[in-house]
Amino acid sequence: MKILLSGMFLFISFVIFSSLSSCAKDTVTTVTKTDTVVVTDTLTATSLTKTQILTGHTWEVEEAYNDISGTVYYYQRDSATNAINLGGIRYTFNTNGTGTYIDGNGNPYNTTWHFTTSDETNMQINFTGLSSNPTDNWTMMSITESFFTQSTYVPSLGLVVTAECVPVP
């Protein structure tokens, strides 16, 4: 029995010493630190003047209403039901007050133009070589980067034209 007890004592001592050595082991913990970098940049939007907008593109008629002696004619680009054809008309405005007008038949005319009011809501455009209506006085209803809308009365032709023009793609 002494042998059995001393064998058991040895076995228990072995188990205790084995577990003590495993408890005494250092554990290694890896810590990863992540930093967040925030970059702030300030963009300043600059508003373009109406002159800069007009001179930045060549323009074509997108939509127009003509009132000729009480009869209204409507034009919409690429519509099959247009009563009038304004599809070939192009306007180019240069910063020096000159430009080009191409009529619906593809005929080019030199122009001069200028705003007649300081708020750039009224404009006069002169067409060199155009026999009928060589001068238009436009009321610029709206001018943005994507379109301008103007209206004019043409006394010699007895008509009022309101047109929206867009940049030529």
# chains A, B, ... in the order shown; residues from 1 in each chain; ligands from 1

call {"tool": "residues_around", "arguments": {"residues": "A:Leu157", "least_positions_apart": "4", "cutoff": "10 Å", "atoms": "only C-alpha atoms", "output": "list in words"}}
result
Ile68, Ser69, Ser132, Asn133 and Tyr153 of chain A

call {"tool": "write_last_selection", "arguments": {"atoms": "N, CA and C atoms", "output": "mmCIF file, in the first residue's frame"}}
result
data_model
loop_
_atom_site.group_PDB
_atom_site.id
_atom_site.type_symbol
_atom_site.label_atom_id
_atom_site.label_comp_id
_atom_site.auth_asym_id
_atom_site.auth_seq_id
_atom_site.Cartn_x
_atom_site.Cartn_y
_atom_site.Cartn_z
ATOM 1 N N ILE A 68 -46.375 85.343 -84.447
ATOM 2 C CA ILE A 68 -46.408 86.173 -85.649
ATOM 3 C C ILE A 68 -47.840 86.650 -85.849
ATOM 4 N N SER A 69 -48.047 87.916 -85.551
ATOM 5 C CA SER A 69 -49.364 88.552 -85.704
ATOM 6 C C SER A 69 -50.481 87.732 -85.045
ATOM 7 N N SER A 132 -32.945 91.674 -93.570
ATOM 8 C CA SER A 132 -34.129 91.918 -92.739
ATOM 9 C C SER A 132 -33.715 91.780 -91.273
ATOM 10 N N ASN A 133 -34.107 92.744 -90.486
ATOM 11 C CA ASN A 133 -33.832 92.749 -89.052
ATOM 12 C C ASN A 133 -32.346 92.636 -88.713
ATOM 13 N N TYR A 153 -38.673 91.283 -79.494
ATOM 14 C CA TYR A 153 -39.733 91.714 -80.406
ATOM 15 C C TYR A 153 -39.067 92.235 -81.669
#

call {"tool": "select_by_dssp", "arguments": {"residues": "chain A", "states": "strand (DSSP E or B)", "output": "PyMOL selection string"}}
result
chain A and resi 58-68+71-76+90-93+98-102+108-115+122-127+135-143+148-154+159-167

call {"tool": "write_last_selection", "arguments": {"atoms": "C-alpha atoms", "output": "short mmCIF file (atom, residue, chain, number, x, y, z; two decimals), in the first residue's frame"}}
result
data_model
loop_
_atom_site.label_atom_id
_atom_site.label_comp_id
_atom_site.auth_asym_id
_atom_site.auth_seq_id
_atom_site.Cartn_x
_atom_site.Cartn_y
_atom_site.Cartn_z
CA THR A 58 -21.51 77.87 -79.19
CA TRP A 59 -25.28 77.84 -78.72
CA GLU A 60 -28.15 76.21 -80.61
CA VAL A 61 -31.91 76.64 -80.30
CA GLU A 62 -33.48 73.97 -78.12
CA GLU A 63 -37.00 75.37 -77.95
CA ALA A 64 -38.72 78.49 -79.29
CA TYR A 65 -42.07 80.19 -79.49
CA ASN A 66 -42.77 82.63 -82.30
CA ASP A 67 -45.85 84.83 -82.15
CA ILE A 68 -46.41 86.17 -85.65
CA THR A 71 -50.38 83.04 -84.46
CA VAL A 72 -48.02 81.06 -82.22
CA TYR A 73 -45.48 78.69 -83.76
CA TYR A 74 -43.60 76.25 -81.54
CA TYR A 75 -40.23 74.60 -82.16
CA GLN A 76 -38.65 71.76 -80.15
CA ARG A 90 -26.05 78.69 -84.07
CA TYR A 91 -24.77 81.64 -82.03
CA THR A 92 -21.16 82.19 -81.05
CA PHE A 93 -20.27 85.11 -78.76
CA THR A 98 -18.00 90.04 -81.90
CA GLY A 99 -19.49 86.72 -82.88
CA THR A 100 -21.14 84.59 -85.51
CA TYR A 101 -24.75 83.80 -86.31
CA ILE A 102 -25.56 80.85 -88.57
CA PRO A 108 -23.01 82.53 -91.59
CA TYR A 109 -23.19 86.19 -90.54
CA ASN A 110 -20.75 88.20 -88.47
CA THR A 111 -22.23 89.85 -85.41
CA THR A 112 -21.43 92.42 -82.81
CA TRP A 113 -23.09 92.30 -79.43
CA HIS A 114 -23.09 93.99 -76.02
CA PHE A 115 -25.17 94.15 -72.90
CA ASN A 122 -30.69 93.28 -71.90
CA MET A 123 -28.50 92.73 -74.91
CA GLN A 124 -28.23 94.15 -78.39
CA ILE A 125 -26.97 91.96 -81.22
CA ASN A 126 -26.21 93.33 -84.72
CA PHE A 127 -26.08 91.01 -87.73
CA THR A 135 -30.46 94.43 -85.07
CA ASP A 136 -32.13 92.47 -82.26
CA ASN A 137 -32.70 93.70 -78.73
CA TRP A 138 -32.82 90.66 -76.48
CA THR A 139 -34.22 90.47 -72.99
CA MET A 140 -32.09 87.81 -71.34
CA MET A 141 -34.57 86.05 -69.07
CA SER A 142 -32.06 83.51 -67.75
CA ILE A 143 -28.41 82.66 -68.33
CA PHE A 148 -30.03 80.78 -71.78
CA THR A 149 -33.53 82.04 -72.48
CA GLN A 150 -34.10 85.24 -74.41
CA SER A 151 -37.09 87.08 -75.75
CA THR A 152 -37.19 89.73 -78.45
CA TYR A 153 -39.73 91.71 -80.41
CA VAL A 154 -38.95 92.16 -84.11
CA LEU A 159 -43.14 88.87 -84.35
CA VAL A 160 -42.11 88.09 -80.81
CA VAL A 161 -39.57 85.31 -80.35
CA THR A 162 -38.83 83.58 -77.07
CA ALA A 163 -36.09 80.98 -77.35
CA GLU A 164 -34.11 78.70 -75.11
CA CYS A 165 -30.61 77.98 -76.38
CA VAL A 166 -28.28 75.25 -75.15
CA PRO A 167 -24.58 74.58 -75.75
#

call {"tool": "closest_residue", "arguments": {"among": "A:Ser156, A:Thr116, A:Thr144, A:Thr121", "to": "A:Ile53", "atoms": "only C-alpha atoms"}}
result
A:Thr144

call {"tool": "atom_distance", "arguments": {"atom1": "atom CA of A:Leu86", "atom2": "atom CA of A:Gly106"}}
result
10.5 Å

call {"tool": "select_by_dssp", "arguments": {"residues": "stretch 45-140 of chain A", "states": "helix (DSSP H, G or I)", "output": "PyMOL selection string"}}
result
chain A and resi 50-55

call {"tool": "write_last_selection", "arguments": {"atoms": "all heavy atoms", "output": "compact mmCIF listing (two decimals), in the first residue's frame"}}
result
# COMPACT_ATOMS: atom_id res chain seq x y z
N LYS A 50 -22.23 86.49 -66.74
CA LYS A 50 -23.07 86.14 -67.88
C LYS A 50 -22.25 86.20 -69.18
O LYS A 50 -22.44 85.38 -70.08
CB LYS A 50 -24.29 87.05 -67.94
CG LYS A 50 -25.24 86.79 -66.77
CD LYS A 50 -26.41 87.74 -66.77
CE LYS A 50 -27.29 87.47 -65.57
NZ LYS A 50 -28.44 88.36 -65.48
N THR A 51 -21.33 87.15 -69.25
CA THR A 51 -20.45 87.23 -70.42
C THR A 51 -19.59 85.98 -70.53
O THR A 51 -19.44 85.42 -71.62
CB THR A 51 -19.57 88.49 -70.35
OG1 THR A 51 -20.41 89.64 -70.36
CG2 THR A 51 -18.59 88.57 -71.51
N GLN A 52 -19.02 85.52 -69.43
CA GLN A 52 -18.19 84.31 -69.46
C GLN A 52 -19.01 83.09 -69.87
O GLN A 52 -18.53 82.24 -70.61
CB GLN A 52 -17.56 84.08 -68.09
CG GLN A 52 -16.49 85.08 -67.75
CD GLN A 52 -16.03 84.97 -66.30
OE1 GLN A 52 -16.84 84.76 -65.38
NE2 GLN A 52 -14.74 85.12 -66.08
N ILE A 53 -20.24 83.02 -69.41
CA ILE A 53 -21.10 81.89 -69.78
C ILE A 53 -21.41 81.93 -71.28
O ILE A 53 -21.25 80.94 -71.99
CB ILE A 53 -22.40 81.88 -68.95
CG1 ILE A 53 -22.08 81.58 -67.48
CG2 ILE A 53 -23.39 80.86 -69.51
CD1 ILE A 53 -23.25 81.78 -66.54
N LEU A 54 -21.83 83.09 -71.78
CA LEU A 54 -22.18 83.21 -73.20
C LEU A 54 -20.99 82.92 -74.10
O LEU A 54 -21.12 82.25 -75.13
CB LEU A 54 -22.72 84.60 -73.51
CG LEU A 54 -24.14 84.90 -73.08
CD1 LEU A 54 -24.49 86.35 -73.41
CD2 LEU A 54 -25.12 83.96 -73.74
N THR A 55 -19.83 83.42 -73.74
CA THR A 55 -18.64 83.25 -74.60
C THR A 55 -17.98 81.88 -74.42
O THR A 55 -17.09 81.54 -75.18
CB THR A 55 -17.61 84.36 -74.33
OG1 THR A 55 -17.22 84.31 -72.96
CG2 THR A 55 -18.18 85.73 -74.67
